[in-house]
$ cat my_file.txt   # compact mmCIF, C-alpha atoms and all ligand atoms
# COMPACT_ATOMS: atom_id res chain seq x y z
CA MET A 80 8.08 2.66 29.25
CA ARG A 81 7.82 6.20 27.88
CA ILE A 82 6.87 5.97 24.24
CA THR A 83 6.78 8.69 21.57
CA VAL A 84 4.42 7.73 18.78
CA VAL A 85 4.77 9.53 15.47
CA SER A 86 1.74 9.31 13.22
CA VAL A 87 2.10 12.35 10.98
CA HIS A 88 -1.02 11.93 8.84
CA GLY A 89 -2.66 9.04 10.73
CA CYS A 90 -4.10 10.93 13.65
CA PRO A 91 -6.21 8.69 15.89
CA CYS A 92 -8.89 11.35 16.21
CA ILE A 93 -9.79 11.52 12.50
CA GLN A 94 -12.98 9.71 11.50
CA PRO A 95 -11.88 6.54 9.65
CA GLY A 96 -13.48 5.30 6.46
CA GLY A 97 -13.10 8.47 4.35
CA THR A 98 -10.50 9.45 1.76
CA ASP A 99 -7.31 9.48 3.77
CA ALA A 100 -8.17 7.83 7.07
CA GLY A 101 -8.79 4.18 7.76
CA GLY A 102 -7.19 1.19 9.41
CA MET A 103 -4.01 3.02 10.42
CA ASN A 104 -5.91 5.66 12.40
CA VAL A 105 -7.90 2.91 14.13
CA TYR A 106 -4.70 0.96 14.81
CA VAL A 107 -2.96 3.91 16.47
CA ARG A 108 -6.04 4.67 18.57
CA GLU A 109 -6.64 1.10 19.75
CA VAL A 110 -3.01 0.14 20.41
CA TYR A 111 -1.85 3.24 22.26
CA GLU A 112 -5.03 3.67 24.26
CA ARG A 113 -4.41 0.17 25.63
CA MET A 114 -0.70 0.76 26.25
CA ALA A 115 -1.50 3.95 28.18
CA ARG A 116 -4.14 2.12 30.23
CA LEU A 117 -1.48 -0.45 31.14
CA GLY A 118 0.54 2.37 32.70
CA HIS A 119 2.96 3.29 29.91
CA VAL A 120 3.50 6.98 29.18
CA VAL A 121 2.40 7.48 25.58
CA ARG A 122 2.58 10.73 23.64
CA VAL A 123 1.24 10.66 20.08
CA TYR A 124 2.40 13.35 17.64
CA ALA A 125 0.23 13.99 14.59
CA ARG A 126 -0.03 16.88 12.16
CA TRP A 127 -2.98 19.17 12.80
CA HIS A 128 -6.02 18.52 10.65
CA PRO A 129 -9.66 19.53 10.29
CA ASP A 130 -12.57 17.50 11.73
CA ALA A 131 -11.25 15.95 14.91
CA ILE A 132 -13.34 13.24 16.57
CA TYR A 133 -12.63 11.03 19.59
CA ASP A 134 -11.15 14.11 21.16
CA GLY A 135 -12.91 13.54 24.46
CA SER A 136 -11.57 13.39 27.96
CA CYS A 137 -11.65 9.58 28.14
CA ARG A 138 -8.44 9.28 26.13
CA CYS A 139 -5.52 7.97 28.27
CA TYR A 140 -2.61 8.83 25.98
CA GLU A 141 -1.41 12.36 25.23
CA LEU A 142 -2.16 13.61 21.73
CA VAL A 143 -0.18 16.57 20.41
CA HIS A 144 -1.26 18.17 17.14
CA ILE A 145 1.70 19.78 15.38
CA PRO A 146 0.60 22.89 13.44
CA VAL A 147 2.96 22.73 10.48
CA GLY A 148 1.71 23.64 7.01
CA ALA A 149 -1.86 24.69 6.30
CA VAL A 150 -4.35 22.64 8.27
CA ASN A 151 -5.71 20.96 5.13
CA THR A 152 -2.43 20.47 3.23
CA PRO A 153 -2.90 17.50 0.87
CA LYS A 154 -0.99 14.30 1.69
CA GLU A 155 1.30 14.63 -1.34
CA ASN A 156 2.66 17.95 -0.01
CA ILE A 157 3.42 16.64 3.48
CA PRO A 158 7.00 15.39 2.76
CA GLU A 159 8.29 18.95 2.45
CA LEU A 160 6.88 19.76 5.91
CA LEU A 161 8.74 16.95 7.68
CA PRO A 162 11.88 18.90 8.77
CA GLU A 163 9.60 21.48 10.41
CA PHE A 164 7.59 18.65 12.00
CA VAL A 165 10.78 17.12 13.48
CA ALA A 166 11.83 20.49 14.91
CA ALA A 167 8.40 21.06 16.46
CA VAL A 168 8.37 17.60 18.11
CA LYS A 169 11.85 18.21 19.54
CA ALA A 170 10.77 21.60 20.92
CA ASP A 171 7.64 20.08 22.50
CA ALA A 172 9.58 17.21 24.09
CA GLU A 173 12.21 19.61 25.43
CA ASP A 174 9.54 21.89 26.88
CA SER A 175 7.85 19.01 28.67
CA LEU A 176 11.18 17.65 29.93
CA THR A 177 10.06 14.10 29.08
CA LYS A 178 12.85 11.70 28.25
CA PHE A 179 11.45 8.96 26.07
CA ASP A 180 12.66 5.34 25.89
CA LEU A 181 11.46 4.55 22.38
CA ILE A 182 9.98 6.04 19.21
CA ALA A 183 7.25 4.14 17.40
CA SER A 184 6.40 5.41 13.91
CA HIS A 185 3.52 4.63 11.58
CA TYR A 186 3.71 4.94 7.75
CA TRP A 187 6.71 6.19 5.83
CA LEU A 188 6.14 9.90 6.51
CA SER A 189 6.39 9.16 10.22
CA GLY A 190 9.30 6.78 9.62
CA VAL A 191 11.29 9.71 8.20
CA VAL A 192 10.57 11.66 11.40
CA GLY A 193 11.35 8.59 13.55
CA VAL A 194 14.78 8.13 11.96
CA GLU A 195 15.71 11.77 12.69
CA LEU A 196 14.40 11.77 16.27
CA ALA A 197 16.10 8.46 17.10
CA LYS A 198 19.41 9.83 15.87
CA SER A 199 19.04 13.02 17.82
CA TRP A 200 17.71 11.52 21.09
CA GLY A 201 19.84 8.35 21.09
CA ILE A 202 16.89 5.98 21.58
CA PRO A 203 15.57 3.07 19.49
CA HIS A 204 13.06 3.45 16.68
CA VAL A 205 10.45 0.78 15.87
CA THR A 206 8.43 1.35 12.71
CA SER A 207 5.40 -0.05 10.92
CA PHE A 208 4.83 0.73 7.26
CA HIS A 209 1.07 -0.04 7.01
CA THR A 210 1.45 0.03 3.22
CA LEU A 211 4.52 -0.10 0.99
CA ALA A 212 4.91 1.77 -2.28
CA ALA A 213 6.72 -1.18 -3.88
CA ILE A 214 3.77 -3.51 -3.14
CA LYS A 215 1.30 -0.94 -4.50
CA ARG A 216 3.42 -0.69 -7.65
CA GLN A 217 3.26 -4.47 -8.08
CA VAL A 218 -0.52 -4.74 -7.73
CA ARG A 219 -1.61 -1.42 -9.33
CA PRO A 220 1.26 -0.19 -11.56
CA GLU A 221 -1.06 2.42 -13.08
CA GLU A 222 -1.15 4.36 -9.77
CA ASP A 223 2.48 4.94 -9.04
CA GLU A 224 3.75 6.59 -5.88
CA PRO A 225 6.36 9.39 -5.79
CA GLU A 226 10.03 8.36 -5.94
CA ILE A 227 10.71 10.02 -2.57
CA ARG A 228 8.50 7.38 -0.93
CA PHE A 229 10.43 4.44 -2.46
CA VAL A 230 13.77 5.92 -1.41
CA ASN A 231 12.64 6.62 2.13
CA GLU A 232 10.91 3.28 2.67
CA ARG A 233 14.22 1.54 1.85
CA ARG A 234 16.13 3.89 4.13
CA ILE A 235 13.71 3.42 7.03
CA ALA A 236 13.62 -0.39 6.56
CA ARG A 237 17.38 -0.53 6.83
CA SER A 238 17.89 1.92 9.67
CA ALA A 239 15.01 1.18 12.08
CA ASP A 240 15.92 -0.83 15.17
CA GLY A 241 12.71 -2.82 14.81
CA ILE A 242 9.96 -3.27 12.22
CA VAL A 243 6.51 -4.53 13.10
CA ALA A 244 4.89 -6.26 10.11
CA TRP A 245 1.38 -7.72 10.05
CA THR A 246 1.95 -10.86 7.98
CA ASP A 247 4.61 -13.31 6.80
CA GLY A 248 4.14 -11.95 3.28
CA GLU A 249 4.91 -8.36 4.33
CA SER A 250 7.96 -9.57 6.25
CA GLU A 251 9.30 -11.52 3.25
CA PHE A 252 8.76 -8.50 1.03
CA LEU A 253 10.64 -6.21 3.42
CA VAL A 254 13.62 -8.56 3.41
CA SER A 255 13.69 -9.38 -0.31
CA GLN A 256 12.75 -5.98 -1.79
CA LEU A 257 13.73 -3.37 0.82
CA ALA A 258 16.84 -5.06 2.22
CA ALA A 259 15.47 -5.10 5.79
CA THR A 260 17.29 -7.38 8.24
CA ARG A 261 15.16 -10.40 9.04
CA ASP A 262 16.08 -10.20 12.74
CA ALA A 263 14.71 -6.66 12.96
CA ILE A 264 11.21 -7.78 11.92
CA SER A 265 8.46 -8.99 14.27
CA ILE A 266 5.18 -10.22 12.86
CA ILE A 267 2.28 -9.03 14.99
CA PRO A 268 -1.14 -8.93 13.35
CA PRO A 269 -3.52 -6.15 14.46
CA GLY A 270 -6.66 -7.05 16.30
CA VAL A 271 -10.30 -6.35 17.02
CA ASP A 272 -12.28 -5.38 20.08
CA ALA A 273 -14.37 -8.54 20.18
CA ASP A 274 -16.62 -7.15 22.95
CA PHE A 275 -17.54 -4.03 20.99
CA PHE A 276 -17.83 -5.87 17.65
CA ASN A 277 -20.24 -8.57 18.71
CA ALA A 278 -23.56 -9.71 17.26
CA GLY A 279 -25.82 -9.05 20.23
CA PRO A 280 -29.53 -9.94 20.14
CA ASP A 281 -30.56 -6.38 19.18
CA THR A 282 -28.18 -5.93 16.30
CA LYS A 283 -30.26 -7.33 13.44
CA ASN A 284 -32.81 -5.29 11.51
CA ASN A 285 -35.11 -8.26 10.95
CA ASP A 286 -36.59 -6.42 7.97
CA GLY A 287 -36.24 -9.44 5.69
CA ILE A 288 -33.70 -7.76 3.39
CA ARG A 289 -30.68 -9.92 2.57
CA ARG A 290 -27.61 -7.73 2.54
CA ILE A 291 -24.21 -8.03 0.91
CA LEU A 292 -21.82 -5.64 2.60
CA TYR A 293 -18.77 -3.60 1.61
CA VAL A 294 -17.02 -1.55 4.32
CA GLY A 295 -14.01 0.54 3.41
CA ARG A 296 -12.61 3.60 1.76
CA LEU A 297 -13.56 4.02 -1.89
CA ASP A 298 -10.03 3.60 -3.11
CA ALA A 299 -8.84 1.93 -6.31
CA LEU A 300 -6.78 -0.58 -4.32
CA LYS A 301 -9.97 -1.88 -2.70
CA GLY A 302 -11.33 -3.05 -6.06
CA ILE A 303 -15.01 -2.19 -5.51
CA ASP A 304 -15.81 -2.43 -9.26
CA LEU A 305 -15.37 -6.17 -9.05
CA LEU A 306 -18.00 -6.38 -6.32
CA ILE A 307 -20.43 -4.23 -8.32
CA ASP A 308 -19.95 -6.53 -11.33
CA ALA A 309 -20.50 -9.61 -9.14
CA PHE A 310 -23.65 -8.00 -7.76
CA ALA A 311 -24.87 -7.36 -11.31
CA ILE A 312 -24.62 -11.11 -12.00
CA ILE A 313 -26.58 -11.84 -8.81
CA ALA A 314 -29.29 -9.31 -9.77
CA ARG A 315 -29.54 -10.68 -13.33
CA LEU A 316 -30.22 -14.13 -11.86
CA GLY A 317 -33.25 -12.57 -10.11
CA ILE A 318 -31.85 -13.19 -6.62
CA ASP A 319 -33.31 -10.68 -4.22
CA ALA A 320 -30.60 -8.92 -2.18
CA GLN A 321 -29.24 -5.47 -1.40
CA LEU A 322 -25.66 -4.32 -1.82
CA ARG A 323 -24.77 -2.00 1.04
CA ILE A 324 -21.67 0.15 0.58
CA VAL A 325 -20.26 1.82 3.70
CA GLY A 326 -17.31 4.22 3.48
CA GLY A 327 -16.35 7.34 1.62
CA GLY A 328 -13.87 8.64 -0.87
CA THR A 329 -13.23 11.69 -2.99
CA ALA A 330 -16.31 13.27 -4.57
CA GLU A 331 -14.95 12.16 -7.94
CA GLU A 332 -14.60 8.50 -6.88
CA TYR A 333 -18.04 8.55 -5.24
CA ARG A 334 -19.57 9.82 -8.50
CA ARG A 335 -17.65 7.25 -10.53
CA VAL A 336 -18.95 4.38 -8.33
CA LEU A 337 -22.51 5.74 -8.51
CA GLY A 338 -22.13 5.99 -12.30
CA ARG A 339 -21.12 2.34 -12.60
CA ILE A 340 -24.06 1.28 -10.42
CA SER A 341 -26.46 3.28 -12.61
CA LYS A 342 -24.98 1.99 -15.85
CA LEU A 343 -25.64 -1.56 -14.70
CA ARG A 344 -29.19 -0.51 -13.65
CA LEU A 345 -28.58 -1.55 -10.06
CA ASP A 346 -29.63 1.72 -8.36
CA ARG A 347 -32.74 0.24 -6.73
CA HIS A 348 -30.71 -2.55 -5.15
CA VAL A 349 -27.73 -0.61 -3.84
CA LYS A 350 -27.56 1.49 -0.68
CA MET A 351 -24.59 3.85 -0.28
CA ASP A 352 -24.31 5.00 3.33
CA GLY A 353 -21.13 7.07 3.04
CA VAL A 354 -18.88 7.15 6.08
CA LEU A 355 -20.41 5.78 9.29
CA HIS A 356 -19.13 6.23 12.82
CA GLN A 357 -17.68 3.01 14.23
CA THR A 358 -20.40 2.84 16.87
CA GLU A 359 -22.88 2.17 14.06
CA LEU A 360 -20.86 -0.64 12.52
CA PRO A 361 -21.60 -3.65 14.80
CA SER A 362 -25.25 -3.66 13.72
CA VAL A 363 -24.30 -3.05 10.08
CA TYR A 364 -21.92 -6.03 10.10
CA SER A 365 -24.31 -8.30 12.00
CA ASP A 366 -27.12 -7.55 9.61
CA ALA A 367 -25.28 -8.75 6.50
CA ALA A 368 -25.15 -12.24 5.00
CA CYS A 369 -21.51 -11.62 4.11
CA ILE A 370 -18.88 -8.91 3.78
CA VAL A 371 -17.09 -8.75 0.44
CA ALA A 372 -13.49 -7.55 0.15
CA PRO A 373 -12.29 -7.70 -3.46
CA SER A 374 -9.04 -5.80 -2.73
CA PHE A 375 -6.02 -5.88 -5.03
CA HIS A 376 -3.99 -5.86 -1.84
CA GLU A 377 -4.58 -5.46 1.91
CA THR A 378 -1.83 -5.10 4.48
CA PHE A 379 -4.40 -6.51 6.91
CA GLY A 380 -8.10 -5.70 6.53
CA LEU A 381 -9.61 -4.57 9.83
CA ALA A 382 -13.16 -4.29 8.46
CA VAL A 383 -13.19 -7.99 7.53
CA LEU A 384 -11.99 -8.90 11.02
CA GLU A 385 -14.59 -6.63 12.67
CA ALA A 386 -17.27 -8.32 10.54
CA ALA A 387 -15.96 -11.75 11.59
CA ALA A 388 -16.24 -10.70 15.24
CA CYS A 389 -19.90 -9.90 14.53
CA GLY A 390 -20.32 -13.38 13.06
CA THR A 391 -20.35 -12.25 9.43
CA PRO A 392 -18.48 -14.49 6.96
CA ALA A 393 -16.34 -12.97 4.22
CA VAL A 394 -15.95 -13.41 0.49
CA ALA A 395 -12.48 -11.97 0.04
CA ALA A 396 -9.65 -11.75 -2.43
CA ASP A 397 -6.94 -14.31 -1.76
CA VAL A 398 -4.32 -11.65 -0.97
CA ASP A 399 -1.83 -11.38 1.83
CA GLY A 400 -3.65 -9.53 4.65
CA LEU A 401 -7.07 -11.05 4.01
CA ARG A 402 -5.52 -14.51 3.90
CA SER A 403 -4.38 -14.00 7.47
CA ILE A 404 -7.95 -13.33 8.64
CA VAL A 405 -10.24 -15.48 6.48
CA VAL A 406 -9.94 -19.25 6.78
CA ASP A 407 -11.05 -20.50 3.36
CA ARG A 408 -14.29 -22.54 3.46
CA GLU A 409 -14.48 -22.17 7.27
CA THR A 410 -14.97 -18.47 8.02
CA GLY A 411 -15.75 -17.50 4.42
CA TYR A 412 -14.15 -17.85 1.02
CA LEU A 413 -10.85 -16.70 -0.44
CA ILE A 414 -11.22 -16.04 -4.15
CA PRO A 415 -8.05 -16.73 -6.15
CA GLU A 416 -8.89 -14.68 -9.28
CA ARG A 417 -10.37 -11.29 -10.04
CA ASP A 418 -13.42 -12.87 -11.66
CA PRO A 419 -16.88 -11.47 -10.74
CA ALA A 420 -18.52 -14.85 -11.49
CA LEU A 421 -16.40 -16.53 -8.80
CA TYR A 422 -17.42 -13.88 -6.29
CA ALA A 423 -21.09 -14.10 -7.28
CA ASP A 424 -21.05 -17.87 -6.86
CA LYS A 425 -19.81 -17.74 -3.25
CA ILE A 426 -21.98 -14.76 -2.30
CA ILE A 427 -25.04 -16.66 -3.58
CA ALA A 428 -24.00 -19.74 -1.58
CA LEU A 429 -23.96 -17.64 1.59
CA LEU A 430 -27.24 -15.86 0.76
CA GLU A 431 -29.16 -19.04 -0.02
CA ASN A 432 -27.76 -21.63 2.35
CA ASP A 433 -28.74 -20.83 5.96
CA GLU A 434 -26.86 -23.78 7.44
CA LEU A 435 -23.64 -22.87 5.64
CA ARG A 436 -23.93 -19.22 6.70
CA LYS A 437 -24.61 -20.11 10.35
CA SER A 438 -21.69 -22.50 10.52
CA MET A 439 -19.32 -19.99 8.91
CA SER A 440 -20.67 -17.27 11.19
CA SER A 441 -19.71 -19.24 14.33
CA SER A 442 -16.26 -20.04 12.91
CA ALA A 443 -15.73 -16.39 11.95
CA ARG A 444 -16.52 -15.28 15.49
CA ARG A 445 -14.09 -17.84 16.93
CA ARG A 446 -11.39 -16.69 14.49
CA ALA A 447 -11.88 -13.06 15.56
CA GLU A 448 -11.66 -14.00 19.24
CA SER A 449 -8.13 -15.25 18.58
CA LEU A 450 -7.06 -11.89 17.07
CA THR A 451 -7.74 -9.29 19.74
CA TRP A 452 -6.08 -5.91 20.33
CA ASP A 453 -5.14 -7.02 23.84
CA HIS A 454 -3.14 -9.88 22.37
CA ALA A 455 -1.49 -7.61 19.78
CA VAL A 456 -0.58 -5.04 22.46
CA ASP A 457 1.00 -7.70 24.72
CA ASN A 458 3.23 -8.74 21.84
CA LEU A 459 4.05 -5.15 20.85
CA ILE A 460 5.12 -4.30 24.40
CA GLY A 461 7.47 -7.31 24.27
CA VAL A 462 8.99 -6.00 21.02
CA TYR A 463 9.37 -2.47 22.40
CA ARG A 464 11.03 -3.73 25.62
CA ARG A 465 13.48 -5.90 23.69
CA ALA A 466 14.35 -2.95 21.43
CA VAL A 467 15.01 -0.71 24.45
CA ASN A 468 17.13 -3.34 26.24
CA ALA A 469 19.13 -4.21 23.13
CA TYR A 470 19.80 -0.53 22.43
CA ARG A 471 20.95 0.12 25.98
CA ALA A 472 23.22 -2.95 25.89
CA VAL A 473 24.82 -1.99 22.58
CA PRO A 474 24.09 1.60 21.57
CA VAL A 475 24.01 1.68 17.79
CA LEU A 476 26.67 3.84 16.15
CA ARG A 477 24.78 6.25 13.95
N1 LIG B 1 -14.51 2.49 9.07
C1 LIG B 1 -15.35 3.36 9.75
N2 LIG B 1 -16.39 3.92 9.06
C2 LIG B 1 -16.62 3.68 7.75
C3 LIG B 1 -15.77 2.79 7.07
C4 LIG B 1 -14.72 2.21 7.76
O1 LIG B 1 -15.18 3.60 10.95
O2 LIG B 1 -17.56 4.23 7.19
C5 LIG B 1 -13.38 1.87 9.81
C6 LIG B 1 -13.53 0.37 9.98
O3 LIG B 1 -14.26 0.09 11.14
C7 LIG B 1 -12.07 -0.09 10.05
C8 LIG B 1 -11.31 0.96 9.26
O4 LIG B 1 -12.20 2.06 9.05
O5 LIG B 1 -11.63 -0.13 11.39
C9 LIG B 1 -10.84 0.46 7.90
O6 LIG B 1 -9.74 -0.37 8.09
P1 LIG B 1 -9.29 -1.45 7.01
O7 LIG B 1 -8.06 -2.11 7.56
O8 LIG B 1 -10.42 -2.34 6.67
O9 LIG B 1 -8.96 -0.62 5.71
P2 LIG B 1 -7.86 0.51 5.41
O10 LIG B 1 -8.51 1.81 5.60
O11 LIG B 1 -6.71 0.31 6.38
O12 LIG B 1 -7.44 0.28 4.01

$ encode --input "my_file.txt" --output "structure tokens" --more "lines below"
Ligand code: UDP
Amino acid sequence: MRITVVSVHGCPCIQPGGTDAGGMNVYVREVYERMARLGHVVRVYARWHPDAIYDGSCRCYELVHIPVGAVNTPKENIPELLPEFVAAVKADAEDSLTKFDLIASHYWLSGVVGVELAKSWGIPHVTSFHTLAAIKRQVRPEEDEPEIRFVNERRIARSADGIVAWTDGESEFLVSQLAATRDAISIIPPGVDADFFNAGPDTKNNDGIRRILYVGRLDALKGIDLLIDAFAIIARLGIDAQLRIVGGGTAEEYRRVLGRISKLRLDRHVKMDGVLHQTELPSVYSDAACIVAPSFHETFGLAVLEAAACGTPAVAADVDGLRSIVVDRETGYLIPERDPALYADKIIALLENDELRKSMSSSARRRAESLTWDHAVDNLIGVYRRAVNAYRAVPVLR
């Protein structure tokens, strides 16, 4: 197949873990690298941006940076650049004389582009939302998204030839709230590279420090305050452990998190690493007694799955995406309420009970081995092929 991938602000060569780059960037990189290695022609279109990484020669797919808008245009101003983005993609595809079979889009900004390109090229469009404004509104009403996003997510959900969702919950939401057709949706969870994320013999520090780990963007939806409050309970009980926070955010959010840590007099017990390159993460995961994910919502939660692959159990919020990774009381704990005491209780259990931690560690690894990128890519290729065949059999009247 010849696949055009549109990932307007989720370029696979941006370092994940900072303000505006995370699981989606990793997803695009891992999925399309594999598809290209399997022999498919893959061209990824992303908007240009500062600070490219992974831009080496080992990449198998083509990556085209579209120079529309200023290089560092903030995300909220990207919608107005989309018509120009569409025109630039069309010009590039015409220049290269490539005739694509399918458009895959990631996130609503790319969905808007995907709808236009599909109409113009007469090929099917398969989209993934990654996050939905209507779900964000439900879980964090105080941080509303612009109306243009709501309108377009509905439009994309109804017009795409296929939608790839990660979980049953996301699929139900798309049908009930965005009027998507159930038949258009395929549920394919993302994956992990279980060879790369693996607790090898050299991955532990062996420095005697017991670590509680957070890995993710410092974003309100991730609910880090709850973890800091749980850690304060643990510290007050005199239990010796370190809270390690990996990931970045805006300078303002970083300061706010540091302020909360100081206010609770936890400075000596907390280590904030900032953003780390993924190559550093296997040892960071392996070295922790548990990873904690107190998110208000997760579409999936790659960091928790990567930790599981390294044999690190999770203490996670009982929300959609995390529920599809963590098996409660087997690979970690799912916490039903946003109560720091409940989190502290389970974190302490994992810190203090070696047998429990070892048993959950083995189960977590097994769970991760069943959710690999290779498996996800096999299923995605099946969805793409079916979309292409169905479109050719009955071209949709647009
Ligand atoms: N990540 C990273 N460096 C960091 C923090 C995170 O490379 O300092 C990566 C992490 O390995 C994972 C991704 O960023 O693959 C975060 O994905 P997740 O689904 O957990 O969260 P999202 O960003 O999608 O909300």

$ atom_distance --input "my_file.txt" --atom1 "atom CA of Ile414 of chain A" --atom2 "atom CA of Val394 of chain A"
7.1 Å

$ atom_distance --input "my_file.txt" --atom1 "atom O6 of ligand LIG 1 (chain B)" --atom2 "atom CA of Gly380 of chain A"
5.8 Å

$ closest_atom_pairs --input "my_file.txt" --of "chain A" --to "ligand LIG 1 (chain B)" --cutoff "10 Å" --atoms "all atoms listed in the file" --output "tab-separated table"
residue	atom	partner	partner_atom	distance
A:Ile93	CA	B:LIG1	O1	9.7
A:Gln94	CA	B:LIG1	O1	6.5
A:Pro95	CA	B:LIG1	O4	4.5
A:Gly96	CA	B:LIG1	C3	3.5
A:Gly97	CA	B:LIG1	O2	6.8
A:Thr98	CA	B:LIG1	O10	8.8
A:Asp99	CA	B:LIG1	O10	8.0
A:Ala100	CA	B:LIG1	O10	6.2
A:Gly101	CA	B:LIG1	O10	3.2
A:Gly102	CA	B:LIG1	O11	3.2
A:Met103	CA	B:LIG1	O11	5.6
A:Asn104	CA	B:LIG1	C8	7.8
A:Val105	CA	B:LIG1	O5	5.5
A:Tyr106	CA	B:LIG1	O5	7.8
A:Glu109	CA	B:LIG1	O5	9.8
A:His209	CA	B:LIG1	O11	7.8
A:Thr210	CA	B:LIG1	O11	8.8
A:Pro269	CA	B:LIG1	O7	9.2
A:Gly270	CA	B:LIG1	O5	9.8
A:Val271	CA	B:LIG1	O5	8.5
A:Phe276	CA	B:LIG1	O3	9.5
A:Tyr293	CA	B:LIG1	C3	8.9
A:Val294	CA	B:LIG1	C3	5.3
A:Gly295	CA	B:LIG1	C3	4.6
A:Arg296	CA	B:LIG1	O10	5.9
A:Leu297	CA	B:LIG1	O12	9.3
A:Asp298	CA	B:LIG1	O12	8.3
A:Leu300	CA	B:LIG1	O12	8.4
A:Lys301	CA	B:LIG1	O12	7.5
A:Ile324	CA	B:LIG1	O2	8.8
A:Val325	CA	B:LIG1	O2	5.0
A:Gly326	CA	B:LIG1	O2	3.7
A:Gly327	CA	B:LIG1	O2	6.5
A:Gly328	CA	B:LIG1	O2	9.9
A:Asp352	CA	B:LIG1	O2	7.8
A:Gly353	CA	B:LIG1	O2	6.2
A:Val354	CA	B:LIG1	O2	3.4
A:Leu355	CA	B:LIG1	O2	3.9
A:His356	CA	B:LIG1	O1	5.1
A:Gln357	CA	B:LIG1	O1	4.2
A:Thr358	CA	B:LIG1	O1	7.9
A:Glu359	CA	B:LIG1	N2	8.4
A:Leu360	CA	B:LIG1	O3	6.8
A:Pro361	CA	B:LIG1	O3	9.0
A:Tyr364	CA	B:LIG1	O3	9.9
A:Ala372	CA	B:LIG1	O8	8.9
A:Ser374	CA	B:LIG1	O12	9.2
A:His376	CA	B:LIG1	O12	9.2
A:Glu377	CA	B:LIG1	O12	6.7
A:Thr378	CA	B:LIG1	O11	7.5
A:Phe379	CA	B:LIG1	O7	5.8
A:Gly380	CA	B:LIG1	O7	3.7
A:Leu381	CA	B:LIG1	O7	3.7
A:Ala382	CA	B:LIG1	O8	3.8
A:Val383	CA	B:LIG1	O8	6.4
A:Leu384	CA	B:LIG1	O8	8.0
A:Glu385	CA	B:LIG1	O3	6.9
A:Ala386	CA	B:LIG1	O3	9.0
A:Gly400	CA	B:LIG1	O7	9.1
A:Leu401	CA	B:LIG1	O7	9.7

$ residues_around --input "my_file.txt" --residues "Ala149 of chain A" --least-positions-apart "5" --cutoff "12 Å" --atoms "only C-alpha atoms" --output "ChimeraX atom specification"
/A:126-129,154,156-157,160

$ atom_distance --input "my_file.txt" --atom1 "atom CA of Arg228 of chain A" --atom2 "atom CA of Cys92 of chain A"
24.7 Å

$ decode --input "my_file.txt" --residues "segment 114-122 of chain A" --atoms "N, CA, C and O atoms" --output "compact mmCIF listing (two decimals), in the first residue's frame"
# COMPACT_ATOMS: atom_id res chain seq x y z
N MET A 114 5.51 -0.17 9.43
CA MET A 114 4.81 -0.37 8.16
C MET A 114 5.78 -0.21 6.99
O MET A 114 5.75 -0.97 6.03
N ALA A 115 6.65 0.79 7.07
CA ALA A 115 7.61 1.02 5.98
C ALA A 115 8.57 -0.16 5.88
O ALA A 115 8.89 -0.63 4.80
N ARG A 116 8.99 -0.69 7.04
CA ARG A 116 9.91 -1.84 7.01
C ARG A 116 9.26 -3.07 6.40
O ARG A 116 9.91 -3.92 5.84
N LEU A 117 7.93 -3.13 6.51
CA LEU A 117 7.20 -4.26 5.90
C LEU A 117 7.01 -4.07 4.40
O LEU A 117 6.41 -4.89 3.74
N GLY A 118 7.49 -2.95 3.86
CA GLY A 118 7.45 -2.76 2.41
C GLY A 118 6.40 -1.78 1.93
O GLY A 118 6.28 -1.55 0.73
N HIS A 119 5.61 -1.20 2.84
CA HIS A 119 4.62 -0.22 2.40
C HIS A 119 5.33 1.12 2.16
O HIS A 119 6.30 1.43 2.83
N VAL A 120 4.78 1.88 1.20
CA VAL A 120 5.33 3.22 0.96
C VAL A 120 4.61 4.15 1.93
O VAL A 120 3.39 4.26 1.91
N VAL A 121 5.36 4.81 2.79
CA VAL A 121 4.74 5.66 3.82
C VAL A 121 5.35 7.05 3.73
O VAL A 121 6.57 7.21 3.82
N ARG A 122 4.50 8.06 3.54
CA ARG A 122 5.00 9.43 3.59
C ARG A 122 4.25 10.17 4.68
O ARG A 122 3.03 10.30 4.63
